[in-house]
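Structure file coords-v4.txt; described as compact mmCIF, C-alpha atoms.
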# COMPACT_ATOMS: atom_id res chain seq x y z
CA MET A 1 0.00 0.00 0.00
CA ASP A 2 1.42 3.40 -1.04
CA ILE A 3 1.08 5.39 2.18
CA ARG A 4 1.97 8.76 0.67
CA ARG A 5 -0.67 8.42 -2.02
CA ASN A 6 -3.24 7.00 0.36
CA LEU A 7 -2.70 9.42 3.24
CA PRO A 8 -4.98 12.16 1.78
CA LEU A 9 -7.69 9.53 1.28
CA LEU A 10 -7.28 8.33 4.87
CA MET A 11 -7.60 11.93 6.02
CA ILE A 12 -10.81 12.34 4.02
CA ILE A 13 -12.18 9.12 5.52
CA CYS A 14 -11.37 10.21 9.08
CA PHE A 15 -12.73 13.70 8.51
CA LEU A 16 -16.04 12.46 7.11
CA SER A 17 -16.51 9.73 9.74
CA GLN A 18 -15.59 12.03 12.65
CA MET A 19 -17.79 14.81 11.31
CA GLY A 20 -20.65 12.35 11.00
CA GLY A 21 -20.14 11.09 14.54
CA PHE A 22 -20.17 14.60 15.99
CA MET A 23 -23.15 15.58 13.85
CA ILE A 24 -25.36 13.04 15.62
CA LEU A 25 -23.70 13.23 19.06
CA PRO A 26 -25.77 16.17 20.36
CA LEU A 27 -28.94 15.13 18.49
CA PHE A 28 -29.24 11.42 19.24
CA PRO A 29 -30.82 11.78 22.71
CA LEU A 30 -33.35 14.28 21.35
CA PHE A 31 -34.07 12.09 18.34
CA ILE A 32 -34.91 8.87 20.18
CA GLU A 33 -36.82 10.83 22.83
CA GLU A 34 -39.37 11.62 20.13
CA PHE A 35 -40.43 7.97 20.12
CA GLY A 36 -41.55 8.02 23.76
CA LEU A 37 -38.94 5.59 25.08
CA SER A 38 -38.53 5.30 28.84
CA GLY A 39 -35.49 6.79 30.54
CA TRP A 40 -34.20 3.31 31.36
CA MET A 41 -34.51 2.16 27.74
CA MET A 42 -32.73 5.27 26.50
CA GLY A 43 -29.92 4.59 28.96
CA VAL A 44 -29.57 1.03 27.68
CA ILE A 45 -29.40 2.26 24.08
CA PHE A 46 -26.72 4.80 24.99
CA ALA A 47 -24.70 2.15 26.85
CA LEU A 48 -24.81 -0.30 23.94
CA PHE A 49 -22.72 2.10 21.87
CA TYR A 50 -19.87 1.83 24.38
CA VAL A 51 -20.30 -1.93 24.64
CA GLY A 52 -19.79 -2.04 20.88
CA LYS A 53 -16.66 0.09 21.20
CA VAL A 54 -15.25 -2.28 23.82
CA ILE A 55 -15.79 -5.44 21.79
CA GLY A 56 -14.95 -3.91 18.41
CA GLY A 57 -11.18 -3.63 18.63
CA VAL A 58 -10.08 -7.27 18.49
CA PRO A 59 -12.43 -8.33 15.64
CA ALA A 60 -11.38 -5.26 13.65
CA ALA A 61 -7.70 -6.19 14.05
CA ALA A 62 -8.43 -9.76 12.92
CA LEU A 63 -10.40 -8.47 9.91
CA TYR A 64 -7.53 -6.14 9.02
CA ARG A 65 -5.03 -8.99 9.08
CA LYS A 66 -7.31 -11.26 7.07
CA ILE A 67 -8.57 -9.02 4.25
CA GLY A 68 -6.25 -6.01 4.35
CA GLY A 69 -6.63 -2.36 5.25
CA LYS A 70 -8.62 -1.19 2.23
CA ARG A 71 -11.32 -3.84 2.45
CA ALA A 72 -11.52 -3.53 6.25
CA LEU A 73 -12.08 0.23 5.90
CA ILE A 74 -14.82 -0.30 3.35
CA ALA A 75 -16.51 -2.87 5.59
CA MET A 76 -16.47 -0.54 8.63
CA LEU A 77 -17.72 2.44 6.65
CA LEU A 78 -20.54 0.47 5.05
CA LEU A 79 -21.55 -0.74 8.50
CA LEU A 80 -21.62 2.86 9.74
CA ALA A 81 -23.72 3.88 6.73
CA VAL A 82 -26.22 1.11 7.47
CA CYS A 83 -26.42 2.23 11.12
CA MET A 84 -27.00 5.89 10.27
CA GLY A 85 -29.58 5.12 7.62
CA GLY A 86 -31.23 2.69 10.02
CA PHE A 87 -31.51 5.36 12.73
CA ALA A 88 -33.27 7.69 10.28
CA VAL A 89 -36.00 5.20 9.33
CA SER A 90 -36.41 3.14 12.52
CA SER A 91 -38.78 3.69 15.43
CA VAL A 92 -38.31 0.46 17.42
CA ALA A 93 -36.20 0.38 20.59
CA LEU A 94 -34.71 -3.03 19.82
CA VAL A 95 -33.53 -1.85 16.40
CA PHE A 96 -32.08 1.33 17.91
CA GLY A 97 -30.15 -0.76 20.42
CA LEU A 98 -28.77 -3.13 17.77
CA LEU A 99 -27.76 -0.28 15.49
CA ARG A 100 -26.12 1.57 18.38
CA LEU A 101 -24.11 -1.56 19.24
CA LEU A 102 -22.96 -1.93 15.63
CA GLN A 103 -22.14 1.78 15.45
CA GLY A 104 -19.80 1.44 18.42
CA LEU A 105 -18.17 -1.63 16.90
CA ALA A 106 -17.60 0.14 13.57
CA SER A 107 -16.33 3.30 15.29
CA THR A 108 -13.63 1.42 17.18
CA GLY A 109 -12.91 -0.67 14.09
CA LEU A 110 -12.15 2.44 12.05
CA THR A 111 -9.68 3.65 14.68
CA VAL A 112 -7.91 0.30 14.79
CA VAL A 113 -7.69 -0.07 11.00
CA VAL A 114 -6.52 3.49 10.29
CA ARG A 115 -3.89 3.52 13.05
CA SER A 116 -2.72 0.04 11.99
CA ILE A 117 -2.29 1.20 8.40
CA ILE A 118 -0.18 4.15 9.56
CA GLY A 119 1.84 1.89 11.86
CA ASP A 120 2.46 -0.75 9.18
CA GLU A 121 3.11 1.48 6.19
CA GLY A 122 4.97 4.27 7.95
CA ASN A 123 8.40 4.15 9.56
CA VAL A 124 10.21 5.70 12.51
CA ASP A 125 10.84 8.88 10.51
CA ASN A 126 7.23 9.65 9.61
CA ARG A 127 4.75 7.75 11.81
CA GLY A 128 4.32 10.72 14.13
CA LEU A 129 3.67 13.14 11.26
CA TYR A 130 1.21 10.79 9.55
CA ASN A 131 -0.66 10.16 12.80
CA GLY A 132 -0.70 13.94 13.23
CA TYR A 133 -2.44 14.41 9.89
CA ILE A 134 -5.03 11.81 10.93
CA SER A 135 -5.65 13.54 14.27
CA SER A 136 -5.91 16.89 12.50
CA SER A 137 -8.54 15.61 10.07
CA GLU A 138 -10.51 14.14 12.98
CA GLY A 139 -10.28 17.50 14.77
CA GLY A 140 -11.71 19.24 11.71
CA GLY A 141 -14.65 16.86 11.68
CA MET A 142 -15.19 17.39 15.40
CA VAL A 143 -15.43 21.16 14.86
CA LEU A 144 -17.66 21.12 11.77
CA GLY A 145 -20.05 18.28 12.68
CA PRO A 146 -22.05 19.95 15.49
CA VAL A 147 -22.30 23.20 13.50
CA ILE A 148 -23.90 21.45 10.52
CA SER A 149 -26.27 19.30 12.56
CA GLY A 150 -27.27 22.26 14.74
CA TRP A 151 -28.23 24.30 11.68
CA LEU A 152 -30.09 21.39 10.07
CA SER A 153 -32.06 20.72 13.26
CA LEU A 154 -33.41 24.27 13.16
CA HIS A 155 -34.89 23.86 9.70
CA TRP A 156 -35.48 20.14 9.15
CA PRO A 157 -36.72 17.07 11.08
CA LEU A 158 -34.13 15.41 13.32
CA SER A 159 -33.93 12.43 10.95
CA VAL A 160 -32.33 14.58 8.23
CA PRO A 161 -28.88 14.88 9.87
CA PHE A 162 -28.77 11.07 10.13
CA LEU A 163 -29.45 10.78 6.41
CA LEU A 164 -26.69 13.30 5.71
CA VAL A 165 -24.27 11.29 7.86
CA THR A 166 -25.23 8.22 5.81
CA VAL A 167 -24.20 10.12 2.69
CA CYS A 168 -20.92 11.13 4.37
CA CYS A 169 -20.18 7.48 5.17
CA LEU A 170 -20.85 6.47 1.57
CA MET A 171 -18.54 9.26 0.37
CA ALA A 172 -15.89 7.85 2.69
CA VAL A 173 -16.46 4.42 1.11
CA VAL A 174 -15.72 5.94 -2.30
CA ALA A 175 -12.50 7.42 -0.88
CA ALA A 176 -11.51 4.02 0.54
CA MET A 177 -12.19 2.36 -2.80
CA GLY A 178 -9.70 4.77 -4.35
CA MET A 179 -6.85 3.61 -2.14
CA LYS A 180 -3.97 1.94 -3.93
CA THR A 181 -3.15 -1.55 -2.67
CA ALA A 182 -0.72 -2.90 -5.26
CA ALA A 183 2.06 -4.67 -3.37
CA LYS A 184 5.62 -3.85 -4.23
CA PRO A 185 8.45 -6.40 -4.29
CA ASN A 186 9.88 -6.76 -0.83
CA PRO A 187 13.68 -6.80 -0.71
CA VAL A 188 13.60 -8.26 2.77
CA SER A 189 11.87 -11.39 1.50
CA GLU A 190 15.01 -12.31 -0.44
CA ASN A 191 16.73 -12.86 2.87
CA VAL A 192 13.98 -14.91 4.48
CA ALA A 193 15.32 -18.43 4.79
CA ASP A 194 11.97 -20.19 4.90
CA GLY A 195 10.88 -18.74 1.58
CA HIS A 196 7.62 -17.12 2.76
CA ASP A 197 6.22 -14.55 0.33
CA LEU A 198 5.88 -11.38 2.40
CA SER A 199 4.06 -9.62 -0.43
CA GLU A 200 1.02 -11.70 0.49
CA SER A 201 0.74 -9.97 3.86
CA PRO A 202 -2.87 -8.96 4.59
CA THR A 203 -1.73 -5.33 4.90
CA ASP A 204 -0.84 -5.34 1.19
CA ALA A 205 2.38 -3.63 2.08
CA LYS A 206 6.08 -4.09 2.58
CA PRO A 207 7.27 -4.47 6.18
CA THR A 208 7.92 -1.35 8.17
CA GLN A 209 11.38 0.15 7.90
CA THR A 210 13.03 -0.03 11.28
CA PRO A 211 16.32 1.05 12.84
CA ALA A 212 19.10 -1.45 13.01
CA ASP A 213 18.61 -2.14 16.67
CA TYR A 214 14.97 -3.17 16.17
CA THR A 215 14.14 -6.83 15.70
CA VAL A 216 11.00 -7.37 13.63
CA SER A 217 9.96 -10.90 12.81
CA PRO A 218 8.76 -11.78 9.30
CA VAL A 219 4.99 -11.82 8.92
CA ASN A 220 4.72 -15.59 8.78
CA ALA A 221 7.35 -16.34 11.36
CA THR A 222 6.81 -17.08 15.04
CA PRO A 223 7.21 -13.81 16.96
CA SER A 224 9.98 -13.47 19.48
CA PRO A 225 8.61 -13.09 23.02
CA ILE A 226 11.04 -10.27 23.81
CA ILE A 227 11.82 -7.33 21.56
CA PRO A 228 15.55 -6.64 22.02
CA SER A 229 15.19 -2.87 21.59
CA THR A 230 12.88 -2.60 24.62
CA GLY A 231 13.67 -5.44 26.97
CA LEU A 232 9.91 -5.91 27.51
CA THR A 233 7.88 -8.97 26.63
CA ARG A 234 4.87 -8.54 24.37
CA ARG A 235 2.61 -9.06 27.38
CA GLN A 236 4.43 -6.35 29.36
CA GLN A 237 4.13 -3.96 26.44
CA LEU A 238 0.43 -4.70 26.05
CA ILE A 239 -0.21 -4.15 29.77
CA GLY A 240 1.80 -0.92 29.78
CA TYR A 241 0.25 0.58 26.65
CA GLY A 242 -3.21 -0.63 27.60
CA THR A 243 -2.96 0.91 31.08
CA VAL A 244 -1.79 4.26 29.72
CA HIS A 245 -4.55 4.49 27.11
CA PHE A 246 -7.15 3.23 29.59
CA LEU A 247 -6.24 6.06 31.95
CA GLU A 248 -6.16 8.66 29.18
CA MET A 249 -9.53 7.64 27.75
CA SER A 250 -10.99 7.51 31.27
CA ALA A 251 -9.90 11.10 31.87
CA TYR A 252 -11.24 12.15 28.46
CA ALA A 253 -14.61 10.51 29.14
CA VAL A 254 -14.91 12.32 32.48
CA PHE A 255 -14.14 15.62 30.76
CA LEU A 256 -16.69 15.06 27.98
CA THR A 257 -19.37 13.96 30.43
CA TYR A 258 -18.98 16.52 33.20
CA PHE A 259 -17.31 19.68 31.89
CA ALA A 260 -20.59 21.09 30.57
CA LEU A 261 -22.24 20.50 33.95
CA TYR A 262 -19.29 22.00 35.82
CA ALA A 263 -19.23 25.06 33.54
CA ALA A 264 -22.99 25.59 33.87
CA HIS A 265 -23.37 25.06 37.62
CA ILE A 266 -20.01 26.13 39.05
CA MET A 267 -18.73 28.64 36.49
CA GLN A 268 -22.23 29.94 35.59
CA TRP A 269 -21.58 29.74 31.85
CA ASP A 270 -24.33 29.75 29.23
CA PRO A 271 -24.66 26.98 26.59
CA PHE A 272 -23.01 29.05 23.86
CA ALA A 273 -19.90 29.68 25.96
CA ILE A 274 -19.70 25.98 26.82
CA SER A 275 -20.03 24.96 23.18
CA LEU A 276 -17.34 27.46 22.23
CA ALA A 277 -14.97 25.80 24.71
CA PHE A 278 -15.32 22.47 22.90
CA THR A 279 -14.84 24.26 19.58
CA VAL A 280 -11.57 25.76 20.82
CA VAL A 281 -10.33 22.28 21.74
CA GLY A 282 -11.22 20.99 18.27
CA ILE A 283 -9.57 23.89 16.47
CA SER A 284 -6.36 23.63 18.51
CA THR A 285 -6.18 19.88 17.82
CA LEU A 286 -6.78 20.51 14.12
CA ALA A 287 -3.95 23.04 13.95
CA ALA A 288 -1.47 21.39 16.29
CA ALA A 289 -1.64 17.71 15.33
CA PRO A 290 0.65 17.80 12.25
CA VAL A 291 3.21 19.91 14.11
CA ALA A 292 3.08 17.59 17.12
CA GLY A 293 3.53 14.59 14.82
CA TYR A 294 6.53 16.22 13.15
CA LEU A 295 8.12 16.96 16.53
CA SER A 296 7.48 13.36 17.58
CA ASP A 297 9.46 12.12 14.57
CA ARG A 298 12.31 14.58 15.04
CA MET A 299 12.70 14.26 18.83
CA GLY A 300 13.19 10.50 18.78
CA ASP A 301 11.58 10.26 22.25
CA ARG A 302 7.89 9.72 21.65
CA LEU A 303 7.00 8.76 25.22
CA LEU A 304 8.44 12.04 26.49
CA LEU A 305 6.11 13.94 24.14
CA CYS A 306 3.21 11.71 25.28
CA MET A 307 3.94 12.66 28.87
CA PHE A 308 4.21 16.33 27.97
CA GLY A 309 0.86 16.11 26.15
CA MET A 310 -0.82 14.60 29.21
CA LEU A 311 0.73 17.35 31.35
CA MET A 312 -0.83 19.97 29.06
CA ILE A 313 -4.21 18.26 29.43
CA GLY A 314 -3.74 18.46 33.20
CA ILE A 315 -2.99 22.19 32.90
CA GLU A 316 -6.26 22.60 31.03
CA VAL A 317 -8.15 21.05 33.94
CA VAL A 318 -6.29 23.07 36.57
CA VAL A 319 -7.12 26.31 34.72
CA PHE A 320 -10.89 25.84 34.67
CA LEU A 321 -10.84 24.60 38.27
CA SER A 322 -9.06 27.82 39.25
CA THR A 323 -11.02 30.46 37.35
CA SER A 324 -14.23 31.10 35.44
CA SER A 325 -12.68 33.76 33.20
CA TYR A 326 -13.67 33.11 29.60
CA VAL A 327 -10.29 34.14 28.21
CA LEU A 328 -8.23 32.09 30.65
CA VAL A 329 -10.39 28.99 30.32
CA TYR A 330 -10.30 29.20 26.51
CA VAL A 331 -6.52 29.52 26.67
CA GLY A 332 -6.54 26.41 28.88
CA MET A 333 -8.71 24.60 26.34
CA LEU A 334 -6.26 25.64 23.63
CA ILE A 335 -3.40 24.14 25.65
CA GLY A 336 -5.40 20.98 26.30
CA GLY A 337 -6.17 20.53 22.60
CA VAL A 338 -2.47 20.76 21.77
CA GLY A 339 -1.74 18.29 24.56
CA GLY A 340 -4.27 15.82 23.20
CA ALA A 341 -2.64 16.04 19.77
CA CYS A 342 0.83 15.46 21.27
CA TYR A 343 -0.40 12.39 23.13
CA MET A 344 -2.37 10.72 20.34
CA ASP A 345 0.21 11.29 17.61
CA SER A 346 3.15 10.06 19.67
CA PHE A 347 1.32 7.18 21.37
CA PHE A 348 0.29 5.32 18.25
CA ALA A 349 3.55 6.16 16.50
CA HIS A 350 5.45 4.72 19.46
CA ILE A 351 3.48 1.48 19.21
CA GLY A 352 4.30 1.35 15.50
CA ASP A 353 8.00 1.72 16.32
CA HIS A 354 8.16 -1.00 18.97
CA ILE A 355 5.62 -3.68 18.03
CA PRO A 356 6.61 -6.07 15.20
CA ASP A 357 4.58 -6.02 12.00
CA GLU A 358 2.79 -9.32 12.51
CA GLY A 359 1.40 -8.38 15.91
CA ARG A 360 0.87 -4.64 15.57
CA SER A 361 -2.78 -4.53 14.49
CA SER A 362 -3.73 -7.07 17.15
CA VAL A 363 -2.02 -5.03 19.87
CA ILE A 364 -3.70 -1.81 18.71
CA GLY A 365 -7.07 -3.57 18.66
CA LYS A 366 -6.67 -4.85 22.21
CA ILE A 367 -5.42 -1.48 23.49
CA VAL A 368 -8.32 0.43 21.95
CA SER A 369 -10.88 -2.05 23.31
CA VAL A 370 -9.41 -1.98 26.83
CA ALA A 371 -9.33 1.81 26.77
CA GLU A 372 -13.03 1.97 25.91
CA ILE A 373 -13.77 0.15 29.16
CA GLY A 374 -12.40 3.24 30.84
CA SER A 375 -14.89 5.34 28.89
CA ILE A 376 -17.67 3.32 30.54
CA VAL A 377 -16.28 2.95 34.05
CA SER A 378 -14.85 6.41 34.73
CA PRO A 379 -18.12 8.36 34.26
CA LEU A 380 -19.81 5.91 36.66
CA VAL A 381 -17.10 6.52 39.25
CA ALA A 382 -17.46 10.23 38.65
CA ALA A 383 -21.22 9.96 39.20
CA LEU A 384 -20.60 8.43 42.62
CA LEU A 385 -18.18 11.25 43.40
CA VAL A 386 -20.84 13.81 42.49
CA GLU A 387 -23.29 12.16 44.89
CA ARG A 388 -20.76 11.91 47.72
CA GLY A 389 -18.82 15.09 46.99
CA SER A 390 -19.21 17.69 44.25
CA LEU A 391 -18.44 18.43 40.63
CA TYR A 392 -15.11 19.81 41.80
CA THR A 393 -14.26 16.39 43.21
CA VAL A 394 -14.90 14.84 39.80
CA PHE A 395 -12.10 16.84 38.23
CA VAL A 396 -9.74 16.11 41.09
CA PHE A 397 -10.36 12.48 40.11
CA ASN A 398 -9.68 13.52 36.52
CA LEU A 399 -6.32 14.97 37.51
CA LEU A 400 -5.41 11.77 39.38
CA LEU A 401 -6.11 9.74 36.22
CA ILE A 402 -3.84 12.05 34.22
CA ALA A 403 -1.07 11.85 36.84
CA ALA A 404 -1.31 8.05 36.87
CA ALA A 405 -1.01 7.93 33.06
CA ILE A 406 2.10 10.11 33.18
CA ALA A 407 3.60 7.91 35.91
CA VAL A 408 3.08 4.69 33.91
CA GLN A 409 4.63 6.28 30.84
CA ALA A 410 7.59 7.44 32.91
CA VAL A 411 8.20 3.88 34.11
CA MET A 412 8.00 2.50 30.57
CA ARG A 413 10.31 5.21 29.28
CA SER A 414 12.88 4.43 31.94
CA ARG A 415 12.82 0.77 30.92
CA TYR A 416 13.38 1.65 27.27
CA ARG A 417 16.20 4.06 28.05
CA SER A 418 17.94 1.72 30.50
CA LYS A 419 17.89 -1.03 27.87
CA ARG A 420 19.57 1.22 25.31
CA VAL A 421 22.37 2.28 27.67
As structure tokens, how would this structure be written, given the file I've shared?
Amino acid sequence: MDIRRNLPLLMIICFLSQMGGFMILPLFPLFIEEFGLSGWMMGVIFALFYVGKVIGGVPAAALYRKIGGKRALIAMLLLLAVCMGGFAVSSVALVFGLLRLLQGLASTGLTVVVRSIIGDEGNVDNRGLYNGYISSSEGGGMVLGPVISGWLSLHWPLSVPFLLVTVCCLMAVVAAMGMKTAAKPNPVSENVADGHDLSESPTDAKPTQTPADYTVSPVNATPSPIIPSTGLTRRQQLIGYGTVHFLEMSAYAVFLTYFALYAAHIMQWDPFAISLAFTVVGISTLAAAPVAGYLSDRMGDRLLLCMFGMLMIGIEVVVFLSTSSYVLVYVGMLIGGVGGACYMDSFFAHIGDHIPDEGRSSVIGKIVSVAEIGSIVSPLVAALLVERGSLYTVFVFNLLLIAAAIAVQAVMRSRYRSKRV
């Protein structure tokens, strides 16, 4: 797969899918409320989306390995299109629940497939930059989606935005169909003693270029349990990466769930000011992600940039806990958006650098699925904290999650650096 040629198409796919997701995010509760569903049933339907996200990572990784990145993308996007079209024409709770489950599965699947493509087809010199372009396109969709759906909801029935998202998904399918998958001859295969044809890899691509001190097993060979460049077993790497992303996604879920409530009740902000805060985060991520990715490639210390990104997210939280000034809080949101870009770009690029080709998509799938458990659990813990304490306590919990993520990354970084000495 020609990553340079396909990168703009991947960006279009991520932009359209993210824009579609954020178009329906604020409208979905209002839409299904029109059908007179009970509060409990609505809660179940909402929860099924996250259940789908939890279980979607591993199957998506297996599908990617089996049929390749292009076909896996098309499958996920078609599934999303079916879900969105189904929402627009359905009125039955059971169908809503099933579609919501499949939507979560496809959403996680897209993340796994796209990040796996970047990890497999990129190299240590450009993975950060390419991940940055992906994060930037997602940020653009996050900014534009709510604006479009908000305008449509003022002039059209609530089903119309869902139909538009269906069209966006089908446009993304067309973009995926345009991706080039012709395999190139692999010079490494000439040196493979067992004669396996690496050009038949399900990623339709040559193996990732790696530094001399990296040991990457051939696709069809038995993976080594320890990667010499890290000194960590595959299990240790999976636990470390999974814990970090679990903590980061937990903190992010708490922020998404409770910032609006905190801003309204503690800071006395109106809905427009709150919406503008989220817009600032999206715009800063859109602008900063390519730069953060470039720095990640040039620094050669991706975990350090991950830690710095998480620190910036922590600063964002500290700022709005300390003041209700619009200017200062928006500056904090700007810093947090840059921090999120630094973390996401460097995190997945780091995995691409240190996980061998044949196991990379599987590891990414497991990490993404585990992290989504945090998106379910952390808001529940925060809800208990609200009952026993206050909204302020929720964001103290948020800061503890961020600090724990930084600590785990610091331990992993020390292991990598000690091994290289």
Counting all atoms listed in the file, what is within 10 Å of A:Ile55, bar same-chain residues fewer than 6 positions away, as a PyMOL selection string?
chain A and resi 101+104-105+108-109+365-366+368-370+372-373
Based on the selection just made, write C-alpha atoms of those residues as an mmCIF file, in the coordinates of the input.
data_model
loop_
_atom_site.group_PDB
_atom_site.id
_atom_site.type_symbol
_atom_site.label_atom_id
_atom_site.label_comp_id
_atom_site.auth_asym_id
_atom_site.auth_seq_id
_atom_site.Cartn_x
_atom_site.Cartn_y
_atom_site.Cartn_z
ATOM 1 C CA LEU A 101 -24.110 -1.560 19.240
ATOM 2 C CA GLY A 104 -19.800 1.440 18.420
ATOM 3 C CA LEU A 105 -18.170 -1.630 16.900
ATOM 4 C CA THR A 108 -13.630 1.420 17.180
ATOM 5 C CA GLY A 109 -12.910 -0.670 14.090
ATOM 6 C CA GLY A 365 -7.070 -3.570 18.660
ATOM 7 C CA LYS A 366 -6.670 -4.850 22.210
ATOM 8 C CA VAL A 368 -8.320 0.430 21.950
ATOM 9 C CA SER A 369 -10.880 -2.050 23.310
ATOM 10 C CA VAL A 370 -9.410 -1.980 26.830
ATOM 11 C CA GLU A 372 -13.030 1.970 25.910
ATOM 12 C CA ILE A 373 -13.770 0.150 29.160
#
If we count all atoms listed in the file and set the cut-off at 10 Å, which residues sit around A:Ile74, ignoring sequence neighbours fewer than 3 positions away in its own chain? Please answer as a PyMOL selection string.
chain A and resi 69-71+77-80+110+169-170+172-177
Between atom CA of A:Gly339 and atom CA of A:Val281, what distance in Å does the model show, to one decimal?
9.9 Å
What does the distance from atom CA of A:Asp270 to atom CA of A:Val331 come to in Å, to one decimal?
18.0 Å
Nearest to A:Met41 by atom-to-atom distance, counting only C-alpha atoms, from A:Ala292, A:Ile402, A:Leu16, A:Ala93
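With only C-alpha atoms as the atom set, the closest residue is A:Ala93.
With only C-alpha atoms taken into account, every residue lying no more than 6 Å from the file point (-2.1, 12.7, 35.5) is included here: Leu399, Leu400, Leu401, Ile402, Ala403, Ala404, Ala405 and Ile406 of chain A.
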For atom CA of A:Glu316 and atom CA of A:Phe46, the interatomic separation in Å (one decimal)
27.8 Å
Using the file's own x, y and z axes, what box holds all listed atoms of stretch 110-118 of chain A with 5 Å on each side, keeping edges along x, y and z, and what are its centre and edge lengths in Å to one decimal, as lines of an AutoDock Vina configuration file?
center_x = -6.2
center_y = 2.0
center_z = 11.6
size_x = 22.0
size_y = 14.2
size_z = 16.4
Give me the residues near A:Thr323 as a ChimeraX atom specification, where near means some atom within 12 Å (using all atoms listed in the file) and where sequence neighbours in that chain fewer than 5 positions away do not count.
/A:262-263,266-269,316-318,328-332
Would you mind listing what lies within 10 Å of A:Ser90 as a PyMOL selection string, with all atoms listed in the file counted and same-chain residues fewer than 6 positions away left out?
chain A and resi 32+35+96+99+159
Using only C-alpha atoms, pick whichever of A:Leu144, A:Val92, A:Leu334, A:Ala289 has the shortest atom-to-atom distance to A:Phe320.
A:Leu334
Restricting the calculation to all atoms listed in the file: of A:Thr111, A:Ser346, A:Thr166, A:Thr257, which residue gets closest to A:Tyr130?
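Going through A:Thr111, A:Ser346, A:Thr166, A:Thr257 one by one, the smallest distance to A:Tyr130 is for A:Ser346.
Take the candidates A:Ile376, A:Ala287, A:Val54, A:Leu303 and check each one against A:Ala341 using only C-alpha atoms; the shortest distance goes to A:Ala287.
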